[in-house]
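Q: Just dropping this structure here.
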Number of protein chains: 2
Amino acid sequence: MIRVLIVGSGNVARQLYRAWQGSTEVVVQGVLSRSRPDTGFEGIPYYAPGTRLPEADVLLIAVSDDAIPQLSRELGNTPALVVHTSGRTPMKALLGQQRIGVFYPLQSFAPGREIDFSTIPICLEAEEKEDLALLRTLGESLGSEIHEVDSEKRARLHLAAVLVNNFTNHLYTLSADLLEEGSLDFSLLLPLIRETTARLEGTNPAALQTGPALRNDRQTMKGHLDTLKDPGTRELYEVLSKSIQAYHGKEL
Amino acid sequence: MIRVLIVGSGNVARQLYRAWQGSTEVVVQGVLSRSRPDTGFEGIPYYAPGTRLPEADVLLIAVSDDAIPQLSRELGNTPALVVHTSGRTPMKALLGQQRIGVFYPLQSFAPGREIDFSTIPICLEAEEKEDLALLRTLGESLGSEIHEVDSEKRARLHLAAVLVNNFTNHLYTLSADLLEEGSLDFSLLLPLIRETTARLEGTNPAALQTGPALRNDRQTMKGHLDTLKDPGTRELYEVLSKSIQAYHGKEL
């Protein structure tokens with residue numbers, strides 16, 4: 001039985017606790033957080049900062065990226081393995097600890113949406129083999145796919161995640177507004193969005209590229225730019241079109 | 001029984017023919033195309049340009065956008081309803097015809113991927129009520145969701161489709177390359193991509209925005225820009241981040 005103390009009470013912390021409830025391999029000993037969480041951690045003790053902590057095998061830090069270095073220092077000297085769950089933060093940001101590692105679930109956590117950990121990859125890093133093995137068991141207890149990824153590669157993954165999650169979501173946002181301005185419902189686009197992602201399975205996205213920029217269809221691009229009223233959105237349209245053409249070897 | 005003559009032999013034409021095979025409401029009378037299609041239209045006659053065409057209720061033009069005006073003229077005077085299937089082309093691009101309309105399936109058609117028409121919207125336009133009713137029956141025979149959309153709104157939909165399909169696919173392409181440079185597999189990102197789109201159902205995408213640009217997390221953004229070697233991709237990262245911040249009222 002792996003004993004885990006969860007540090008932090010945000011969305012990642014809550015979802016991990018929920019996923020380990022009833023586990024036969026992992027027991028969550030409690031939650032350490034600046035203030036007592038209102039909800040999400042029923043059935044385990046709350047620990048305030050500076051109080052005596054229970055024995056644990058893993059201290060799992062799930063707090064905002066910037067808070068990780070100071071928080072790991074404040075945990076004091078512990079024989080437990082101390083890990084963070086951040087994509088963009090190097091393992092070495094964990095300060096003042098003997099055994100450090102990373103347990104990064106590659107997923108976007110949004111309030112109100114339950115994550116099925118069995119469908120997502122978890123990226124692990126540790127300095128010692130035994131610690132890596134411990135984290136692997138921890139990840140496998142969630143049914144997740146396990147990958148060993150060092151801090152540099154993890155930062156690369158995190159950047160790619162920003163492109164496919166944050167940036168695409170912004171394109172969805174701009175599209176929703178465009179449709180709203182024309183009294184059209186965003187749901188009209190959902191089948192297209194589903195198809196765009198469904199066809200990615202097993203195919204290189206470069207081979208799936210279509211559209212006016214790829215065809216260098218200037219008339220359509222001009223019409224689109226005329227429809228876009230906001231200068232920032234026009235710039236975005238132009239830069240994305242230019243990037244498609246540069247990538248696929250065409251001239252704007 | 002609605003009698004359809006398909007004009008064009010590309011992907012849209014083929015998929016519509018396939019979808020109407022065995023229909024009890026629609027019969028495809030033949031395919032008119034510049035050259036005889038190798039495959040995809042088994043069981044119906046081929047008509048070369050300039051030959052005598054069979055009687056039909058609807059001539060359905062599924063050719064490249066630029067070819068629509070001239071082609072509709074070449075069809076000569078016909079009592080049939082002549083429609084095109086293009087998102088970005090106005091209905092009035094159909095020249096020299098008495099009865100015109102649009103039958104636009106809002107989906108991306110890629111070779112080798114079968115479209116399930118029952119899951120996609122079809123946007124209709126016609127000048128006469130009876131023609132609109134005819135097109136509605138035609139769309140409903142595919143099980144599609146039917147929307148009446150005029151040429152201006154359809155152009156807006158097409159622009160939005162470019163944002164959510166072409167532009168997001170390009171972001172997937174750049175991400176796949178980023179991962180490949182780090183010997184990481186693109187499939188690592190698929191669960192995140194699935195989640196990013198799954199949560200769109202019933203939610204305004206603006207409310208789902210996350211990421212370093214939204215948080216104005218300059219340190220992470222600087223790290224990302226340092227990782228991106230290609231100047232065009234750096235520009236794209238900056239313009240998208242700026243657009244997110246402008247939209248959500250933050251300063252870069």
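All residue names refer to the structure tokens as shown: chains lettered A, B, ... in order, residues numbered from 1 in each chain, ligands numbered from 1 in order.
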Could you pull out the strand (DSSP E or B) residues of segment 27-206 of chain A, going by DSSP on the backbone, and write them as number ranges by chain?
A: A: 27-32, 46-47, 58-61, 81-84, 100-105, 121-126, 145-148
Q: Mind listing as a PyMOL selection string which residues of chain B are within 7 Å of chain A, counting only C-alpha atoms?
A: chain B and resi 106-108+119-121+153+156-157+159-173+175+178-179+182+188-189+191-193+196+205-206+209-211+224+232+236+239-240+243-244
Q: Counting only C-alpha atoms, what is within 12 Å of Ala67 of chain B, bar same-chain residues fewer than 6 positions away, as a list in words?
A: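 The neighbour list is Val7, Gly8, Arg34, Ile61, Arg73, Glu74, His84, Ser86, Thr89, Ala93, Leu94 and Leu95 of chain B.
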Q: Save out the residues we just selected, N, CA, C and O atoms, as a PDB file, in the first residue's frame.
A:
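Wrote part-v5.pdb, looks like this:
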```pdb
ATOM      1  N   VAL B   7     -23.133  16.245 -60.510  1.00  0.00           N
ATOM      2  CA  VAL B   7     -22.196  16.880 -61.436  1.00  0.00           C
ATOM      3  C   VAL B   7     -20.866  17.024 -60.703  1.00  0.00           C
ATOM      4  O   VAL B   7     -20.772  17.752 -59.709  1.00  0.00           O
ATOM      5  N   GLY B   8     -19.860  16.318 -61.167  1.00  0.00           N
ATOM      6  CA  GLY B   8     -18.567  16.276 -60.479  1.00  0.00           C
ATOM      7  C   GLY B   8     -18.320  14.883 -59.950  1.00  0.00           C
ATOM      8  O   GLY B   8     -19.273  14.128 -59.704  1.00  0.00           O
ATOM      9  N   ARG B  34     -16.039  15.773 -66.281  1.00  0.00           N
ATOM     10  CA  ARG B  34     -15.163  16.007 -67.445  1.00  0.00           C
ATOM     11  C   ARG B  34     -14.576  14.705 -67.963  1.00  0.00           C
ATOM     12  O   ARG B  34     -14.508  14.472 -69.153  1.00  0.00           O
ATOM     13  N   ILE B  61     -24.287  20.123 -58.122  1.00  0.00           N
ATOM     14  CA  ILE B  61     -22.914  20.415 -58.563  1.00  0.00           C
ATOM     15  C   ILE B  61     -21.951  20.307 -57.388  1.00  0.00           C
ATOM     16  O   ILE B  61     -22.044  21.057 -56.419  1.00  0.00           O
ATOM     17  N   ARG B  73     -23.392  27.505 -66.281  1.00  0.00           N
ATOM     18  CA  ARG B  73     -23.747  28.028 -67.601  1.00  0.00           C
ATOM     19  C   ARG B  73     -23.753  26.915 -68.647  1.00  0.00           C
ATOM     20  O   ARG B  73     -24.672  26.807 -69.461  1.00  0.00           O
ATOM     21  N   GLU B  74     -22.703  26.092 -68.588  1.00  0.00           N
ATOM     22  CA  GLU B  74     -22.554  25.024 -69.581  1.00  0.00           C
ATOM     23  C   GLU B  74     -23.662  23.983 -69.513  1.00  0.00           C
ATOM     24  O   GLU B  74     -23.889  23.242 -70.455  1.00  0.00           O
ATOM     25  N   HIS B  84     -25.396  24.098 -55.869  1.00  0.00           N
ATOM     26  CA  HIS B  84     -23.992  23.744 -55.607  1.00  0.00           C
ATOM     27  C   HIS B  84     -23.843  23.360 -54.137  1.00  0.00           C
ATOM     28  O   HIS B  84     -24.784  23.516 -53.339  1.00  0.00           O
ATOM     29  N   SER B  86     -21.062  24.267 -52.138  1.00  0.00           N
ATOM     30  CA  SER B  86     -19.902  24.996 -51.626  1.00  0.00           C
ATOM     31  C   SER B  86     -20.263  25.919 -50.467  1.00  0.00           C
ATOM     32  O   SER B  86     -21.285  26.603 -50.492  1.00  0.00           O
ATOM     33  N   THR B  89     -19.207  29.855 -51.656  1.00  0.00           N
ATOM     34  CA  THR B  89     -19.685  30.396 -52.936  1.00  0.00           C
ATOM     35  C   THR B  89     -21.131  30.878 -52.817  1.00  0.00           C
ATOM     36  O   THR B  89     -21.997  30.124 -52.361  1.00  0.00           O
ATOM     37  N   ALA B  93     -23.737  32.611 -57.808  1.00  0.00           N
ATOM     38  CA  ALA B  93     -22.646  32.181 -58.701  1.00  0.00           C
ATOM     39  C   ALA B  93     -23.142  31.152 -59.707  1.00  0.00           C
ATOM     40  O   ALA B  93     -22.442  30.830 -60.669  1.00  0.00           O
ATOM     41  N   LEU B  94     -24.337  30.621 -59.465  1.00  0.00           N
ATOM     42  CA  LEU B  94     -24.947  29.693 -60.426  1.00  0.00           C
ATOM     43  C   LEU B  94     -25.563  30.526 -61.541  1.00  0.00           C
ATOM     44  O   LEU B  94     -26.586  31.198 -61.339  1.00  0.00           O
ATOM     45  N   LEU B  95     -24.938  30.518 -62.703  1.00  0.00           N
ATOM     46  CA  LEU B  95     -25.319  31.429 -63.792  1.00  0.00           C
ATOM     47  C   LEU B  95     -26.170  30.723 -64.839  1.00  0.00           C
ATOM     48  O   LEU B  95     -26.004  29.536 -65.091  1.00  0.00           O
TER      49      LEU B  95
END
```
Q: Report the distance between atom CA of Thr39 of chain B and atom CA of Gly10 of chain B in Å, rounded to one decimal place.
A: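 Between atom CA of Thr39 of chain B and atom CA of Gly10 of chain B the gap works out to 10.3 Å.
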Q: Residues at most 10 Å from Glu55 of chain B, counting only C-alpha atoms, excluding those fewer than 4 positions away in the same chain, as a list in words?
A: Arg3, Val4, Leu5, Gln29, Leu59, Thr78, Pro79 and Ala80 of chain B
Q: Restricted to all heavy atoms, what would the selected residues look like written as a PDB file, in the first residue's frame?
A:
```
ATOM      1  N   ARG B   3     -35.181  12.640 -58.220  1.00  0.00           N
ATOM      2  CA  ARG B   3     -34.165  12.191 -59.173  1.00  0.00           C
ATOM      3  C   ARG B   3     -33.026  13.214 -59.192  1.00  0.00           C
ATOM      4  O   ARG B   3     -33.243  14.398 -59.490  1.00  0.00           O
ATOM      5  CB  ARG B   3     -34.790  12.052 -60.564  1.00  0.00           C
ATOM      6  CG  ARG B   3     -35.912  11.019 -60.635  1.00  0.00           C
ATOM      7  CD  ARG B   3     -36.723  11.205 -61.901  1.00  0.00           C
ATOM      8  NE  ARG B   3     -37.268  12.556 -61.986  1.00  0.00           N
ATOM      9  CZ  ARG B   3     -37.859  13.064 -63.074  1.00  0.00           C
ATOM     10  NH1 ARG B   3     -37.977  12.325 -64.171  1.00  0.00           N
ATOM     11  NH2 ARG B   3     -38.327  14.291 -63.056  1.00  0.00           N
ATOM     12  N   VAL B   4     -31.822  12.724 -58.851  1.00  0.00           N
ATOM     13  CA  VAL B   4     -30.661  13.614 -58.745  1.00  0.00           C
ATOM     14  C   VAL B   4     -29.644  13.245 -59.806  1.00  0.00           C
ATOM     15  O   VAL B   4     -29.355  12.057 -60.010  1.00  0.00           O
ATOM     16  CB  VAL B   4     -30.020  13.497 -57.343  1.00  0.00           C
ATOM     17  CG1 VAL B   4     -28.724  14.297 -57.266  1.00  0.00           C
ATOM     18  CG2 VAL B   4     -30.994  13.954 -56.260  1.00  0.00           C
ATOM     19  N   LEU B   5     -29.109  14.244 -60.467  1.00  0.00           N
ATOM     20  CA  LEU B   5     -27.941  14.026 -61.321  1.00  0.00           C
ATOM     21  C   LEU B   5     -26.753  14.689 -60.622  1.00  0.00           C
ATOM     22  O   LEU B   5     -26.806  15.880 -60.304  1.00  0.00           O
ATOM     23  CB  LEU B   5     -28.132  14.633 -62.715  1.00  0.00           C
ATOM     24  CG  LEU B   5     -26.937  14.402 -63.660  1.00  0.00           C
ATOM     25  CD1 LEU B   5     -26.900  12.967 -64.171  1.00  0.00           C
ATOM     26  CD2 LEU B   5     -26.980  15.376 -64.835  1.00  0.00           C
ATOM     27  N   GLN B  29     -29.438   9.501 -60.856  1.00  0.00           N
ATOM     28  CA  GLN B  29     -29.639   9.119 -62.262  1.00  0.00           C
ATOM     29  C   GLN B  29     -28.336   8.916 -63.014  1.00  0.00           C
ATOM     30  O   GLN B  29     -28.324   8.295 -64.080  1.00  0.00           O
ATOM     31  CB  GLN B  29     -30.417  10.232 -62.987  1.00  0.00           C
ATOM     32  CG  GLN B  29     -31.732  10.619 -62.380  1.00  0.00           C
ATOM     33  CD  GLN B  29     -32.826   9.658 -62.766  1.00  0.00           C
ATOM     34  OE1 GLN B  29     -32.794   8.495 -62.368  1.00  0.00           O
ATOM     35  NE2 GLN B  29     -33.770  10.121 -63.555  1.00  0.00           N
ATOM     36  N   LEU B  59     -30.044  19.009 -60.216  1.00  0.00           N
ATOM     37  CA  LEU B  59     -28.662  18.850 -60.683  1.00  0.00           C
ATOM     38  C   LEU B  59     -27.777  19.339 -59.546  1.00  0.00           C
ATOM     39  O   LEU B  59     -27.818  20.523 -59.179  1.00  0.00           O
ATOM     40  CB  LEU B  59     -28.387  19.683 -61.937  1.00  0.00           C
ATOM     41  CG  LEU B  59     -29.264  19.420 -63.168  1.00  0.00           C
ATOM     42  CD1 LEU B  59     -28.656  20.099 -64.400  1.00  0.00           C
ATOM     43  CD2 LEU B  59     -29.416  17.933 -63.422  1.00  0.00           C
ATOM     44  N   THR B  78     -32.246  24.235 -68.179  1.00  0.00           N
ATOM     45  CA  THR B  78     -32.857  23.018 -67.647  1.00  0.00           C
ATOM     46  C   THR B  78     -34.005  23.386 -66.718  1.00  0.00           C
ATOM     47  O   THR B  78     -33.907  24.394 -65.998  1.00  0.00           O
ATOM     48  CB  THR B  78     -31.829  22.151 -66.878  1.00  0.00           C
ATOM     49  OG1 THR B  78     -32.535  21.145 -66.139  1.00  0.00           O
ATOM     50  CG2 THR B  78     -30.997  22.972 -65.909  1.00  0.00           C
ATOM     51  N   PRO B  79     -35.082  22.629 -66.729  1.00  0.00           N
ATOM     52  CA  PRO B  79     -36.167  22.891 -65.784  1.00  0.00           C
ATOM     53  C   PRO B  79     -35.824  22.411 -64.368  1.00  0.00           C
ATOM     54  O   PRO B  79     -36.544  22.725 -63.413  1.00  0.00           O
ATOM     55  CB  PRO B  79     -37.335  22.085 -66.358  1.00  0.00           C
ATOM     56  CG  PRO B  79     -36.684  20.980 -67.138  1.00  0.00           C
ATOM     57  CD  PRO B  79     -35.392  21.517 -67.650  1.00  0.00           C
ATOM     58  N   ALA B  80     -34.717  21.667 -64.217  1.00  0.00           N
ATOM     59  CA  ALA B  80     -34.364  21.120 -62.901  1.00  0.00           C
ATOM     60  C   ALA B  80     -33.839  22.223 -61.975  1.00  0.00           C
ATOM     61  O   ALA B  80     -33.421  23.289 -62.419  1.00  0.00           O
ATOM     62  CB  ALA B  80     -33.306  20.025 -63.068  1.00  0.00           C
TER      63      ALA B  80
END
```
Q: Which of segment 134-243 of chain B counts as alpha helix (DSSP H) under DSSP, as a PyMOL selection string please?
A: chain B and resi 134-140+151-161+168-181+190-198+212-215+218-227+231-243
Q: Grab the residues selected above and save them as a compact mmCIF listing (two decimals), in the first residue's frame with C-alpha atoms.
A:
```txt
# COMPACT_ATOMS: atom_id res chain seq x y z
CA LEU B 134 -37.35 19.89 -52.19
CA LEU B 135 -33.84 20.43 -50.81
CA ARG B 136 -35.10 19.81 -47.30
CA THR B 137 -36.48 16.42 -48.35
CA LEU B 138 -33.16 15.70 -50.04
CA GLY B 139 -31.20 16.54 -46.87
CA GLU B 140 -33.58 14.68 -44.61
CA SER B 151 -25.21 33.17 -48.75
CA GLU B 152 -23.84 35.79 -46.38
CA LYS B 153 -24.29 33.64 -43.29
CA ARG B 154 -22.93 30.63 -45.12
CA ALA B 155 -19.73 32.57 -45.93
CA ARG B 156 -19.45 33.36 -42.23
CA LEU B 157 -19.87 29.67 -41.37
CA HIS B 158 -17.20 28.81 -43.91
CA LEU B 159 -14.77 31.27 -42.35
CA ALA B 160 -15.46 29.83 -38.89
CA ALA B 161 -14.92 26.35 -40.35
CA THR B 168 -6.40 23.92 -35.60
CA ASN B 169 -5.05 21.20 -37.88
CA HIS B 170 -2.03 23.38 -38.54
CA LEU B 171 -1.51 23.76 -34.79
CA TYR B 172 -1.66 19.95 -34.52
CA THR B 173 0.96 19.77 -37.30
CA LEU B 174 3.34 22.14 -35.51
CA SER B 175 2.80 20.24 -32.25
CA ALA B 176 3.53 16.92 -33.91
CA ASP B 177 6.82 18.34 -35.20
CA LEU B 178 7.73 19.77 -31.81
CA LEU B 179 7.21 16.37 -30.26
CA GLU B 180 9.10 14.60 -33.00
CA GLU B 181 12.11 16.90 -32.45
CA LEU B 190 -4.54 12.80 -28.29
CA PRO B 191 -6.31 12.47 -24.89
CA LEU B 192 -5.79 16.20 -24.32
CA ILE B 193 -7.10 17.01 -27.80
CA ARG B 194 -10.14 14.80 -27.19
CA GLU B 195 -10.86 16.51 -23.88
CA THR B 196 -10.40 19.99 -25.38
CA THR B 197 -13.17 19.30 -27.89
CA ALA B 198 -15.41 17.09 -25.74
CA PRO B 212 -0.03 31.00 -19.79
CA ALA B 213 -1.35 33.79 -22.07
CA LEU B 214 -4.60 34.05 -20.11
CA ARG B 215 -2.69 34.06 -16.80
CA ARG B 218 5.49 35.75 -18.78
CA GLN B 219 8.10 33.31 -17.55
CA THR B 220 6.35 30.33 -19.19
CA MET B 221 5.72 32.27 -22.39
CA LYS B 222 9.39 33.27 -22.57
CA GLY B 223 10.42 29.64 -22.06
CA HIS B 224 8.08 28.56 -24.85
CA LEU B 225 9.45 31.18 -27.24
CA ASP B 226 13.00 30.04 -26.44
CA THR B 227 12.04 26.46 -27.35
CA PRO B 231 10.69 32.54 -36.53
CA GLY B 232 7.29 31.96 -38.18
CA THR B 233 6.18 29.66 -35.37
CA ARG B 234 7.42 32.17 -32.79
CA GLU B 235 5.38 34.90 -34.48
CA LEU B 236 2.36 32.62 -34.48
CA TYR B 237 2.82 31.91 -30.75
CA GLU B 238 3.07 35.64 -30.02
CA VAL B 239 0.09 36.66 -32.13
CA LEU B 240 -2.13 33.93 -30.65
CA SER B 241 -1.06 34.84 -27.11
CA LYS B 242 -1.70 38.52 -27.82
CA SER B 243 -5.13 37.69 -29.24
```
Q: Could you tell me how far atom CA of Gly22 of chain A lies from atom CA of Ser141 of chain A, in Å and to one decimal?
A: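 Computed distance, atom CA of Gly22 of chain A to atom CA of Ser141 of chain A, equals 11.0 Å.
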Q: For Ile2 of chain A, work out the shell of residues within 8 Å, counting only C-alpha atoms and skipping chain neighbours fewer than 2 positions away, then give it as a list in words.
A: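 Listing them by chain and then by number gives Val4, Glu25, Val26, Val27, Ala56, Asp57, Val58 and Leu138 of chain A.
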Q: Neighbours of Lys129 of chain A within 12 Å (only C-alpha atoms; same-chain residues fewer than 3 positions away dropped), as a list of chain:residue names?
A: A:Arg99, A:Ile100, A:Gly101, A:Leu124, A:Glu125, A:Ala126, A:Leu132, A:Ala133, A:Leu134, A:Leu135, A:Arg136, A:Glu148
Q: Can you measure atom CA of Gly30 of chain A to atom CA of Phe103 of chain A for me? One decimal in Å is fine.
A: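 Pair atom CA of Gly30 of chain A / atom CA of Phe103 of chain A returns 18.1 Å.
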